>>> print(open('final.txt').read())   # compact mmCIF, C-alpha atoms
# COMPACT_ATOMS: atom_id res chain seq x y z
CA MET A 1 0.00 0.00 0.00
CA ALA A 2 1.23 3.47 -0.86
CA SER A 3 2.13 5.53 2.17
CA LYS A 4 -0.49 7.90 3.54
CA ILE A 5 2.14 9.99 5.25
CA TYR A 6 3.09 13.39 3.81
CA ASP A 7 5.85 15.77 4.86
CA SER A 8 3.75 18.89 5.28
CA ALA A 9 0.20 20.15 5.32
CA SER A 10 0.57 21.77 1.90
CA ALA A 11 2.02 18.56 0.43
CA ALA A 12 -0.90 16.60 1.89
CA LEU A 13 -3.40 19.00 0.31
CA ASP A 14 -1.68 19.08 -3.08
CA GLY A 15 -4.18 18.40 -5.86
CA LEU A 16 -7.17 18.36 -3.50
CA LEU A 17 -8.11 22.05 -3.40
CA THR A 18 -10.46 23.69 -5.89
CA ASP A 19 -12.38 26.96 -5.70
CA GLY A 20 -16.02 26.51 -4.66
CA MET A 21 -15.44 23.17 -2.91
CA THR A 22 -17.11 21.97 0.31
CA LEU A 23 -15.00 21.35 3.40
CA ALA A 24 -15.86 19.56 6.63
CA ALA A 25 -13.64 20.57 9.55
CA GLY A 26 -13.24 18.98 12.97
CA GLY A 27 -12.94 20.88 16.24
CA PHE A 28 -15.08 22.52 18.91
CA GLY A 29 -14.18 26.15 19.46
CA LEU A 30 -10.40 26.07 19.17
CA CYS A 31 -10.17 22.60 20.72
CA GLY A 32 -9.05 19.83 18.38
CA ILE A 33 -8.93 21.97 15.25
CA PRO A 34 -6.72 21.10 12.26
CA GLU A 35 -4.43 24.13 12.71
CA ASN A 36 -1.82 23.11 10.16
CA LEU A 37 -4.28 22.26 7.40
CA ILE A 38 -6.23 25.50 7.91
CA ALA A 39 -2.98 27.48 7.55
CA ALA A 40 -2.09 25.55 4.39
CA ILE A 41 -5.50 26.28 2.85
CA ARG A 42 -4.99 29.95 3.68
CA ASP A 43 -1.62 29.86 1.92
CA ALA A 44 -3.11 28.04 -1.08
CA GLY A 45 -5.72 30.82 -1.44
CA THR A 46 -8.59 28.47 -2.35
CA LYS A 47 -11.73 30.59 -2.68
CA ASP A 48 -15.53 30.39 -2.35
CA LEU A 49 -15.41 27.63 0.22
CA THR A 50 -18.51 26.18 1.84
CA VAL A 51 -17.41 25.01 5.28
CA TYR A 52 -19.20 22.58 7.56
CA SER A 53 -17.78 23.20 11.01
CA ASN A 54 -19.40 23.58 14.41
CA ASN A 55 -17.68 26.95 14.97
CA ALA A 56 -15.84 29.53 12.91
CA GLY A 57 -12.75 30.05 15.07
CA VAL A 58 -11.74 33.43 16.47
CA ASP A 59 -10.58 36.42 14.45
CA ASP A 60 -6.95 35.37 14.15
CA PHE A 61 -7.02 31.62 14.76
CA GLY A 62 -8.83 28.53 13.59
CA LEU A 63 -11.19 28.95 10.65
CA GLY A 64 -11.22 32.67 11.46
CA VAL A 65 -8.05 33.02 9.37
CA LEU A 66 -9.94 31.87 6.25
CA LEU A 67 -12.62 34.46 6.99
CA GLN A 68 -10.00 37.20 7.30
CA THR A 69 -8.74 36.32 3.82
CA ARG A 70 -12.31 36.14 2.43
CA GLN A 71 -11.87 32.56 1.27
CA VAL A 72 -15.19 31.42 2.75
CA LYS A 73 -18.47 31.90 0.90
CA LYS A 74 -20.71 30.04 3.31
CA MET A 75 -20.44 28.65 6.84
CA CYS A 76 -22.67 25.84 8.11
CA SER A 77 -22.27 25.96 11.88
CA SER A 78 -24.12 25.80 15.18
CA TYR A 79 -22.37 28.66 16.98
CA VAL A 80 -20.22 31.51 15.71
CA GLY A 81 -20.27 33.82 18.72
CA GLU A 82 -16.55 34.29 19.23
CA ASN A 83 -15.73 35.90 15.90
CA ASP A 84 -16.20 39.65 15.30
CA GLU A 85 -14.99 39.54 11.69
CA PHE A 86 -17.51 36.79 11.00
CA MET A 87 -20.31 38.91 12.42
CA ARG A 88 -19.20 41.94 10.42
CA GLN A 89 -19.08 40.02 7.13
CA TYR A 90 -22.40 38.35 7.86
CA LEU A 91 -24.26 41.54 8.79
CA ALA A 92 -22.76 43.25 5.70
CA GLY A 93 -24.15 40.44 3.52
CA GLU A 94 -20.68 39.28 2.43
CA LEU A 95 -20.93 35.83 3.99
CA GLU A 96 -23.72 33.26 4.02
CA ILE A 97 -24.53 31.32 7.14
CA GLU A 98 -26.64 28.21 7.57
CA PHE A 99 -27.26 27.59 11.27
CA ASN A 100 -27.49 23.91 12.14
CA PRO A 101 -28.34 22.65 15.62
CA GLN A 102 -25.13 21.16 16.96
CA GLY A 103 -26.39 17.58 17.18
CA THR A 104 -28.03 17.82 13.78
CA LEU A 105 -24.73 18.98 12.27
CA ALA A 106 -22.82 16.13 13.91
CA GLU A 107 -25.38 13.56 12.78
CA ARG A 108 -25.51 15.01 9.25
CA MET A 109 -21.76 14.40 9.01
CA ARG A 110 -21.95 10.94 10.54
CA ALA A 111 -24.89 9.96 8.32
CA GLY A 112 -23.26 11.29 5.16
CA GLY A 113 -20.17 9.26 5.93
CA CYS A 114 -22.27 6.14 6.54
CA GLY A 115 -24.17 6.28 3.26
CA ILE A 116 -27.34 7.63 4.84
CA PRO A 117 -28.67 10.51 2.69
CA GLY A 118 -31.20 11.74 5.24
CA PHE A 119 -32.68 11.12 8.68
CA TYR A 120 -35.59 12.35 10.76
CA THR A 121 -35.07 14.25 14.00
CA LYS A 122 -37.20 16.06 16.59
CA THR A 123 -34.56 18.76 16.92
CA GLY A 124 -35.76 22.07 15.54
CA VAL A 125 -39.43 21.15 15.01
CA GLY A 126 -41.51 24.33 15.33
CA THR A 127 -38.46 26.61 14.84
CA GLN A 128 -36.82 28.43 11.90
CA VAL A 129 -34.66 25.35 11.38
CA ALA A 130 -37.71 23.33 10.30
CA GLU A 131 -38.84 25.80 7.62
CA GLY A 132 -38.97 24.22 4.17
CA LYS A 133 -38.10 20.74 5.45
CA GLU A 134 -40.23 17.62 5.14
CA HIS A 135 -42.22 16.88 8.32
CA LYS A 136 -43.27 13.36 9.19
CA ASP A 137 -45.03 11.85 12.19
CA PHE A 138 -43.73 8.70 13.85
CA ASP A 139 -45.61 7.20 16.82
CA GLY A 140 -47.51 10.43 17.40
CA GLU A 141 -44.50 12.77 17.35
CA THR A 142 -43.42 15.11 14.57
CA TYR A 143 -39.92 14.94 13.08
CA ILE A 144 -38.13 16.82 10.30
CA LEU A 145 -35.95 15.44 7.54
CA GLU A 146 -32.29 16.46 7.67
CA ARG A 147 -29.80 15.60 4.94
CA GLY A 148 -26.54 13.72 5.34
CA ILE A 149 -23.45 15.70 4.38
CA VAL A 150 -20.79 14.46 2.00
CA ALA A 151 -17.98 17.01 1.79
CA ASP A 152 -15.39 17.20 -0.98
CA LEU A 153 -12.66 17.29 1.65
CA ALA A 154 -12.48 16.68 5.41
CA ILE A 155 -9.73 18.35 7.43
CA VAL A 156 -9.37 16.89 10.90
CA LYS A 157 -7.01 16.54 13.83
CA ALA A 158 -6.23 13.64 16.16
CA TRP A 159 -3.69 13.05 18.92
CA LYS A 160 -1.88 10.02 17.56
CA ALA A 161 -2.10 7.89 14.46
CA ASP A 162 -0.21 4.84 13.31
CA GLU A 163 1.20 4.63 9.78
CA THR A 164 -2.08 3.08 8.62
CA GLY A 165 -4.03 6.14 9.77
CA ASN A 166 -5.71 4.44 12.73
CA CYS A 167 -6.35 7.34 15.09
CA ILE A 168 -6.67 8.08 18.77
CA PHE A 169 -8.05 11.40 19.99
CA ARG A 170 -7.34 13.02 23.31
CA LYS A 171 -10.14 13.95 25.75
CA THR A 172 -12.58 16.63 24.52
CA ALA A 173 -10.44 17.30 21.45
CA ARG A 174 -12.26 14.40 19.77
CA ASN A 175 -15.57 16.30 19.34
CA PHE A 176 -16.47 16.76 15.65
CA ASN A 177 -13.31 15.17 14.27
CA PRO A 178 -14.58 11.58 13.76
CA PRO A 179 -17.88 12.56 12.08
CA ALA A 180 -16.12 15.22 9.96
CA ALA A 181 -13.50 12.67 8.89
CA MET A 182 -16.18 10.16 7.96
CA CYS A 183 -18.14 12.56 5.73
CA GLY A 184 -15.21 13.59 3.51
CA LYS A 185 -14.79 12.06 0.06
CA ILE A 186 -11.13 12.57 0.91
CA CYS A 187 -9.91 13.03 4.49
CA VAL A 188 -6.63 14.65 5.43
CA MET A 189 -5.68 14.06 9.05
CA GLU A 190 -3.10 15.96 11.10
CA VAL A 191 -1.82 14.48 14.34
CA GLU A 192 0.57 15.41 17.11
CA GLU A 193 2.47 12.18 16.64
CA ILE A 194 2.67 9.43 14.03
CA VAL A 195 3.70 6.14 15.63
CA PRO A 196 4.78 2.87 13.97
CA ASN A 197 2.16 0.24 13.19
CA GLY A 198 1.81 -2.09 16.16
CA THR A 199 2.20 0.69 18.73
CA LEU A 200 -1.50 1.40 19.22
CA ASP A 201 -3.85 -1.22 20.68
CA GLY A 202 -6.37 -2.09 17.99
CA ASP A 203 -9.08 -2.21 20.64
CA HIS A 204 -8.43 1.43 21.53
CA ILE A 205 -8.68 2.98 18.07
CA HIS A 206 -11.30 5.77 17.92
CA LEU A 207 -11.23 6.21 14.13
CA PRO A 208 -10.07 3.36 11.87
CA GLY A 209 -7.59 4.26 9.15
CA ILE A 210 -10.07 3.47 6.38
CA TYR A 211 -11.40 7.00 6.89
CA VAL A 212 -7.95 8.62 6.64
CA HIS A 213 -6.46 9.09 3.17
CA ARG A 214 -3.55 11.40 3.89
CA LEU A 215 -1.72 11.95 7.14
CA ILE A 216 0.70 14.52 8.51
CA GLN A 217 2.41 15.11 11.81
CA GLY A 218 2.13 18.80 12.73
CA GLN A 219 3.09 21.35 15.36
CA HIS A 220 0.10 22.50 17.41
CA GLU A 221 -0.30 25.72 19.30
CA LYS A 222 -3.48 24.38 20.99
CA ARG A 223 -4.67 27.82 22.02
CA ILE A 224 -7.06 28.00 24.99
CA GLU A 225 -10.15 30.10 24.33
CA GLN A 226 -11.43 30.60 27.91
CA ARG A 227 -8.80 30.00 30.57
CA THR A 228 -10.75 29.33 33.78
CA THR A 229 -9.15 28.21 37.04
CA ARG A 230 -9.96 27.79 40.71
CA LYS A 231 -7.92 28.58 43.81
CA LYS A 232 -5.75 25.80 45.16
CA GLU A 233 -7.40 24.31 48.25
CA ALA A 234 -5.37 24.85 51.41
CA MET B 1 -36.45 39.39 48.93
CA PRO B 2 -36.19 37.95 45.41
CA TRP B 3 -33.53 35.30 44.93
CA ASP B 4 -30.10 36.30 43.63
CA ARG B 5 -28.18 34.31 40.99
CA ASN B 6 -26.74 31.88 43.49
CA GLN B 7 -30.04 31.34 45.27
CA MET B 8 -31.72 30.62 41.93
CA ALA B 9 -29.00 28.07 41.20
CA GLU B 10 -29.43 26.58 44.67
CA ARG B 11 -33.17 26.28 44.12
CA ALA B 12 -32.58 24.64 40.74
CA ALA B 13 -30.24 22.11 42.32
CA GLN B 14 -33.23 20.82 44.33
CA GLU B 15 -34.68 19.62 41.02
CA LEU B 16 -31.85 17.13 40.60
CA GLU B 17 -31.99 13.64 42.03
CA ASP B 18 -29.24 11.27 43.01
CA GLY B 19 -27.89 9.32 40.05
CA MET B 20 -29.07 11.74 37.37
CA TYR B 21 -27.17 12.56 34.18
CA VAL B 22 -27.63 16.30 33.62
CA ASN B 23 -26.60 18.97 31.12
CA LEU B 24 -26.12 22.50 32.45
CA GLY B 25 -26.22 25.49 30.11
CA ILE B 26 -23.93 28.50 30.18
CA GLY B 27 -24.42 31.29 32.78
CA ILE B 28 -26.50 30.80 35.94
CA PRO B 29 -27.16 27.12 35.08
CA THR B 30 -23.42 26.45 35.44
CA LEU B 31 -23.66 27.57 39.08
CA VAL B 32 -26.12 24.76 39.85
CA ALA B 33 -23.14 22.38 40.09
CA ASN B 34 -22.07 24.22 43.27
CA TYR B 35 -25.26 23.23 45.11
CA THR B 36 -25.78 19.53 44.42
CA GLY B 37 -24.50 18.60 47.91
CA ASP B 38 -24.24 14.86 48.54
CA LYS B 39 -26.23 13.92 45.47
CA ASP B 40 -24.32 11.91 42.88
CA ILE B 41 -24.94 13.95 39.72
CA THR B 42 -23.05 13.26 36.49
CA LEU B 43 -22.66 16.37 34.36
CA GLN B 44 -22.63 16.01 30.60
CA SER B 45 -20.76 18.49 28.44
CA GLU B 46 -22.15 18.27 24.93
CA ASN B 47 -18.76 18.70 23.28
CA GLY B 48 -18.09 15.11 24.32
CA MET B 49 -17.71 14.40 28.03
CA LEU B 50 -19.65 12.70 30.82
CA GLY B 51 -18.40 13.34 34.33
CA MET B 52 -17.27 16.95 34.24
CA GLY B 53 -15.03 18.10 37.07
CA PRO B 54 -14.38 21.62 38.44
CA PHE B 55 -12.10 24.26 36.93
CA PRO B 56 -8.40 23.29 37.12
CA VAL B 57 -6.05 24.93 39.60
CA GLU B 58 -3.81 27.47 37.95
CA GLY B 59 -1.08 25.78 35.95
CA ASP B 60 -3.10 22.60 35.36
CA GLU B 61 -5.14 23.91 32.41
CA ASP B 62 -5.30 21.46 29.51
CA ALA B 63 -6.31 22.79 26.08
CA ASP B 64 -7.84 19.37 25.33
CA VAL B 65 -10.21 19.45 28.33
CA ILE B 66 -12.88 22.10 27.89
CA ASN B 67 -16.61 22.40 28.49
CA ALA B 68 -19.28 23.52 26.04
CA GLY B 69 -18.57 27.14 27.02
CA LYS B 70 -14.96 26.55 25.87
CA GLN B 71 -13.74 26.99 29.46
CA THR B 72 -10.90 24.85 30.80
CA ILE B 73 -12.22 22.19 33.18
CA THR B 74 -10.99 18.93 34.70
CA GLU B 75 -11.93 15.28 34.46
CA LEU B 76 -13.00 12.97 37.29
CA ASN B 77 -11.89 9.41 37.92
CA ARG B 78 -15.04 8.19 36.16
CA THR B 79 -15.06 10.54 33.16
CA ALA B 80 -15.87 9.23 29.68
CA TYR B 81 -15.10 11.02 26.40
CA PHE B 82 -16.83 10.58 23.05
CA ASP B 83 -17.39 12.33 19.75
CA SER B 84 -20.09 14.93 19.00
CA ALA B 85 -22.37 12.53 17.11
CA THR B 86 -22.37 10.14 20.08
CA SER B 87 -22.85 13.04 22.47
CA PHE B 88 -25.97 14.22 20.71
CA GLY B 89 -27.10 10.64 20.27
CA MET B 90 -27.43 10.42 24.05
CA ILE B 91 -29.12 13.84 24.15
CA ARG B 92 -31.55 13.23 21.30
CA GLY B 93 -32.10 9.66 22.45
CA GLY B 94 -33.47 10.79 25.80
CA LYS B 95 -30.65 9.36 27.92
CA ILE B 96 -29.97 12.68 29.67
CA ALA B 97 -32.45 13.10 32.51
CA ALA B 98 -32.56 16.90 32.58
CA ALA B 99 -31.14 20.08 31.10
CA ILE B 100 -31.02 23.38 32.94
CA LEU B 101 -30.85 26.29 30.51
CA GLY B 102 -31.07 30.07 30.39
CA ALA B 103 -33.77 31.94 28.48
CA MET B 104 -34.50 35.22 26.74
CA GLU B 105 -38.25 34.48 26.65
CA VAL B 106 -40.54 31.64 27.73
CA SER B 107 -44.19 31.38 26.76
CA GLU B 108 -47.04 30.03 28.83
CA ASN B 109 -47.22 26.87 26.71
CA GLY B 110 -43.52 26.14 27.25
CA ASP B 111 -42.00 27.63 24.09
CA LEU B 112 -38.41 28.71 24.69
CA ALA B 113 -36.45 31.45 22.91
CA ASN B 114 -32.80 31.69 23.89
CA TRP B 115 -30.63 31.79 20.79
CA MET B 116 -31.22 34.79 18.59
CA ILE B 117 -32.24 38.44 18.42
CA PRO B 118 -32.71 39.13 14.70
CA GLY B 119 -30.35 41.83 13.39
CA LYS B 120 -28.66 42.17 16.77
CA LEU B 121 -27.42 38.95 18.29
CA VAL B 122 -26.82 36.24 15.72
CA LYS B 123 -24.50 33.73 17.30
CA GLY B 124 -26.29 30.45 16.75
CA MET B 125 -28.18 27.89 18.78
CA GLY B 126 -25.26 25.61 19.60
CA GLY B 127 -26.71 22.50 21.20
CA ALA B 128 -29.77 24.14 22.75
CA MET B 129 -32.30 22.96 20.14
CA ASP B 130 -31.10 19.37 20.46
CA LEU B 131 -31.19 19.52 24.25
CA VAL B 132 -34.74 20.86 24.54
CA ALA B 133 -35.96 18.34 21.96
CA GLY B 134 -34.27 15.36 23.53
CA VAL B 135 -33.71 15.42 27.28
CA GLY B 136 -36.18 14.10 29.85
CA ARG B 137 -36.94 17.36 31.61
CA VAL B 138 -36.20 20.97 30.61
CA ILE B 139 -35.74 23.42 33.47
CA VAL B 140 -35.21 27.10 32.67
CA ILE B 141 -33.46 29.58 34.95
CA THR B 142 -33.98 33.21 34.08
CA ASP B 143 -34.49 36.61 35.63
CA HIS B 144 -38.22 37.20 35.83
CA ASN B 145 -37.91 40.49 33.92
CA SER B 146 -35.39 41.98 31.51
CA LYS B 147 -33.03 44.76 32.58
CA SER B 148 -35.57 47.30 31.26
CA GLY B 149 -38.29 45.63 33.34
CA ALA B 150 -40.08 43.90 30.46
CA ALA B 151 -41.76 40.57 31.19
CA LYS B 152 -39.87 37.47 30.06
CA LEU B 153 -42.66 35.01 30.86
CA LEU B 154 -45.03 35.79 27.99
CA LYS B 155 -48.25 34.64 26.40
CA GLU B 156 -46.25 34.06 23.22
CA CYS B 157 -42.55 34.45 22.49
CA THR B 158 -41.58 37.27 20.14
CA LEU B 159 -38.06 35.99 19.36
CA PRO B 160 -37.16 33.01 17.14
CA LEU B 161 -37.83 29.81 19.06
CA THR B 162 -35.34 27.27 20.33
CA GLY B 163 -38.12 24.75 20.83
CA LYS B 164 -41.90 24.59 20.89
CA ALA B 165 -43.71 23.42 24.05
CA VAL B 166 -40.48 22.06 25.53
CA VAL B 167 -40.12 23.73 28.96
CA ASP B 168 -41.31 21.84 32.03
CA ARG B 169 -40.34 24.15 34.89
CA ILE B 170 -39.14 27.77 35.18
CA ILE B 171 -37.11 29.15 38.06
CA THR B 172 -36.86 32.95 38.23
CA ASN B 173 -35.67 35.38 40.88
CA LEU B 174 -39.33 35.69 41.97
CA GLY B 175 -40.44 32.06 42.10
CA VAL B 176 -40.88 28.63 40.57
CA PHE B 177 -43.44 27.85 37.86
CA ASP B 178 -44.65 24.78 36.04
CA VAL B 179 -45.94 24.79 32.50
CA VAL B 180 -49.44 23.28 32.74
CA GLU B 181 -52.64 23.21 30.72
CA GLY B 182 -53.83 26.82 30.35
CA GLY B 183 -50.70 28.63 31.55
CA LEU B 184 -48.05 28.71 34.25
CA ARG B 185 -48.78 27.31 37.70
CA ILE B 186 -47.09 28.98 40.65
CA VAL B 187 -45.18 26.28 42.51
CA GLU B 188 -43.34 28.51 44.95
CA LEU B 189 -42.69 32.20 45.62
CA ALA B 190 -39.32 33.62 46.60
CA PRO B 191 -39.31 35.03 50.18
CA ASP B 192 -41.44 38.18 50.60
CA VAL B 193 -42.61 38.12 46.98
CA THR B 194 -46.39 38.52 46.82
CA GLU B 195 -48.69 37.02 44.25
CA ALA B 196 -49.90 40.55 43.39
CA GLU B 197 -46.33 41.65 42.61
CA LEU B 198 -45.82 38.51 40.56
CA ARG B 199 -48.95 39.09 38.50
CA GLU B 200 -47.86 42.66 37.81
CA LYS B 201 -44.48 41.49 36.49
CA THR B 202 -45.75 38.56 34.43
CA GLU B 203 -47.48 38.64 31.06
CA ALA B 204 -48.14 34.90 30.87
CA THR B 205 -51.39 33.52 32.25
CA LEU B 206 -50.87 32.38 35.85
CA VAL B 207 -53.16 29.56 36.91
CA ALA B 208 -53.89 28.27 40.36
>>> encode(input="final.txt", output="structure tokens")
Amino acid sequence: MASKIYDSASAALDGLLTDGMTLAAGGFGLCGIPENLIAAIRDAGTKDLTVYSNNAGVDDFGLGVLLQTRQVKKMCSSYVGENDEFMRQYLAGELEIEFNPQGTLAERMRAGGCGIPGFYTKTGVGTQVAEGKEHKDFDGETYILERGIVADLAIVKAWKADETGNCIFRKTARNFNPPAAMCGKICVMEVEEIVPNGTLDGDHIHLPGIYVHRLIQGQHEKRIEQRTTRKKEA
Amino acid sequence: MPWDRNQMAERAAQELEDGMYVNLGIGIPTLVANYTGDKDITLQSENGMLGMGPFPVEGDEDADVINAGKQTITELNRTAYFDSATSFGMIRGGKIAAAILGAMEVSENGDLANWMIPGKLVKGMGGAMDLVAGVGRVIVITDHNSKSGAAKLLKECTLPLTGKAVVDRIITNLGVFDVVEGGLRIVELAPDVTEAELREKTEATLVA
């Protein structure tokens, strides 16, 4: 099998980026985001992106950097509160937004990756989210149809991967990364450490390598968005 | 005396029973964790964690351990982590016993608005729509009136909804209310709050 391992984020993205493409990105806030791949997409200058991601980063980090450079046409997210530039572009009509309830977004990614084109959910019934969507009753309750997402490219981040691309995430940095990885036609994974095959216990793999097409080891700033602490007990 | 933020949180903590899995929203709901006493409550954080611990002591912050408000937190010796699709599977699937959430407006039939003010505050619903649609019991904590004095318990919400007919119980600085047939039933009044005062400050129908 040809190696999945590339030397850099830009090498791993070579040939995969086209203007107007759809991206699925892992991460929650700034936790578990594919920092290196986002920077490489910024450098590549790919335009008119539609991005499926729970959040939009902050002004100068995470997906916020692609907003600064006006590379994003549309964001599909559940919460974008931490980004002033986002708000400015949105209120000025320069950026489209499709709000998805967080669980609906996660399940749309998971479903898309599992070959499920749509599913019914109670979430959002009777709200703006339900407008224009098929409604159907099951056992006396009303549900709406939500579509699975298949993205042209998934950019995701894990803690460790073996050479096969079998991945382990760390704590709450897992979040949207597995469903985002699953819904990409191609998935590029960045990790903190690539380890030799045989190092990871096959019973402890969170995301099997079948979902990972290209793999890089990157440097991660891992910025903390809200540093909260308590006093040391005496 | 109406309840302050901490007293509202303390009152809300009485709603929780030993052994419950609970999701707490951002703001006053987060404070509820300080008042659960001896009860064994497991807190879910919808970004992918069951068994949320307190804030870390300074120097122990871990960028990979955050709550849904993106704050650094800690794990417990029984914490479990999972991905977002699994997290909302347990929420949507009704495995979480209760959610305690903030509100901008609540209507007398239990509609909740807490995610958007058109043209002004457009941040997104996060996980709130999934929570109110999926969890066993939805408890709202909110000031009874807005800063300008406007009623927040209304006949009908004016803001975009988070969920329709989803709220079970409301805890405000003035009292505790249940959503019942025909309006809101007064369960309890905060100390020295009179029913006359309450009626004056409430637009929603109050039923006996």
>>> interface_residues(input="final.txt", of="chain B", to="chain A", cutoff="7 Å", atoms="only C-alpha atoms", output="count of residues only")
33
>>> residues_around(input="final.txt", residues="A:Lys185", least_positions_apart="4", cutoff="9 Å", atoms="only C-alpha atoms", output="number ranges by chain")
A: 113, 150-154, 181
>>> residues_around(input="final.txt", residues="stretch 196-206 of chain B", least_positions_apart="6", cutoff="8 Å", atoms="only C-alpha atoms", output="VMD selection string")
chain B and resid 107 to 108 144 to 145 150 to 156 174 182 to 186
>>> axis_aligned_box(input="final.txt", around="stretch 68-75 of chain B", padding_each_side="4 Å", output="AutoDock Vina command-line options")
--center_x -15.1 --center_y 21.2 --center_z 30.3 --size_x 16.4 --size_y 19.9 --size_z 16.8
>>> closest_residue(input="final.txt", among="B:Leu16, B:Val122, B:Met8, B:Ala33", to="B:Gly102", atoms="only C-alpha atoms")
B:Met8
>>> atom_distance(input="final.txt", atom1="atom CA of A:Thr199", atom2="atom CA of A:Ala2")
19.8 Å
>>> residues_around(input="final.txt", residues="A:Gln219", least_positions_apart="4", cutoff="10 Å", atoms="all atoms listed in the file", output="number ranges by chain")
A: 35-36, 190-193
>>> write_last_selection(input="final.txt", atoms="C-alpha atoms", output="compact mmCIF listing (two decimals), in the frame of the given file")
# COMPACT_ATOMS: atom_id res chain seq x y z
CA GLU A 35 -4.43 24.13 12.71
CA ASN A 36 -1.82 23.11 10.16
CA GLU A 190 -3.10 15.96 11.10
CA VAL A 191 -1.82 14.48 14.34
CA GLU A 192 0.57 15.41 17.11
CA GLU A 193 2.47 12.18 16.64
>>> atom_distance(input="final.txt", atom1="atom CA of B:Gly59", atom2="atom CA of B:Thr30")
22.4 Å
>>> residues_around(input="final.txt", residues="B:Asp38", least_positions_apart="3", cutoff="12 Å", atoms="all atoms listed in the file", output="ChimeraX atom specification")
/B:13-14,16-19,33-35,41
>>> atom_distance(input="final.txt", atom1="atom CA of B:Pro118", atom2="atom CA of B:Ala103")
15.6 Å
>>> residues_around(input="final.txt", residues="B:Leu50", least_positions_apart="5", cutoff="10 Å", atoms="only C-alpha atoms", output="JSON, numbers by chain")
{"B": [21, 22, 23, 42, 43, 44, 45, 75, 76, 78, 79, 80, 81, 82, 87]}
>>> closest_residue(input="final.txt", among="B:Val138, B:Leu121, B:Ile73, B:Met20", to="B:Ile100", atoms="only C-alpha atoms")
B:Val138
>>> decode(input="final.txt", residues="stretch 73-85 of chain A", atoms="N, CA and C atoms", output="mmCIF file, in the first residue's frame")
data_model
loop_
_atom_site.group_PDB
_atom_site.id
_atom_site.type_symbol
_atom_site.label_atom_id
_atom_site.label_comp_id
_atom_site.auth_asym_id
_atom_site.auth_seq_id
_atom_site.Cartn_x
_atom_site.Cartn_y
_atom_site.Cartn_z
ATOM 1 N N LYS A 73 -17.219 31.361 1.446
ATOM 2 C CA LYS A 73 -18.469 31.901 0.901
ATOM 3 C C LYS A 73 -19.610 31.631 1.872
ATOM 4 N N LYS A 74 -19.587 30.443 2.469
ATOM 5 C CA LYS A 74 -20.710 30.036 3.306
ATOM 6 C C LYS A 74 -20.217 29.178 4.464
ATOM 7 N N MET A 75 -20.733 29.471 5.661
ATOM 8 C CA MET A 75 -20.441 28.654 6.837
ATOM 9 C C MET A 75 -21.708 27.910 7.247
ATOM 10 N N CYS A 76 -21.567 26.631 7.561
ATOM 11 C CA CYS A 76 -22.670 25.838 8.112
ATOM 12 C C CYS A 76 -22.230 25.418 9.508
ATOM 13 N N SER A 77 -22.785 26.074 10.521
ATOM 14 C CA SER A 77 -22.269 25.964 11.881
ATOM 15 C C SER A 77 -23.414 25.998 12.877
ATOM 16 N N SER A 78 -23.097 25.659 14.140
ATOM 17 C CA SER A 78 -24.124 25.802 15.181
ATOM 18 C C SER A 78 -23.906 27.046 16.022
ATOM 19 N N TYR A 79 -22.641 27.519 16.098
ATOM 20 C CA TYR A 79 -22.374 28.659 16.985
ATOM 21 C C TYR A 79 -21.148 29.417 16.483
ATOM 22 N N VAL A 80 -21.317 30.706 16.275
ATOM 23 C CA VAL A 80 -20.222 31.510 15.713
ATOM 24 C C VAL A 80 -19.932 32.732 16.570
ATOM 25 N N GLY A 81 -20.276 32.649 17.858
ATOM 26 C CA GLY A 81 -20.273 33.824 18.725
ATOM 27 C C GLY A 81 -18.935 34.472 19.000
ATOM 28 N N GLU A 82 -17.837 33.751 18.773
ATOM 29 C CA GLU A 82 -16.545 34.289 19.231
ATOM 30 C C GLU A 82 -15.788 35.033 18.145
ATOM 31 N N ASN A 83 -16.460 35.384 17.048
ATOM 32 C CA ASN A 83 -15.729 35.901 15.902
ATOM 33 C C ASN A 83 -16.343 37.210 15.390
ATOM 34 N N ASP A 84 -15.678 38.334 15.682
ATOM 35 C CA ASP A 84 -16.201 39.654 15.296
ATOM 36 C C ASP A 84 -16.181 39.856 13.787
ATOM 37 N N GLU A 85 -15.110 39.388 13.144
ATOM 38 C CA GLU A 85 -14.994 39.543 11.692
ATOM 39 C C GLU A 85 -16.101 38.757 10.992
#
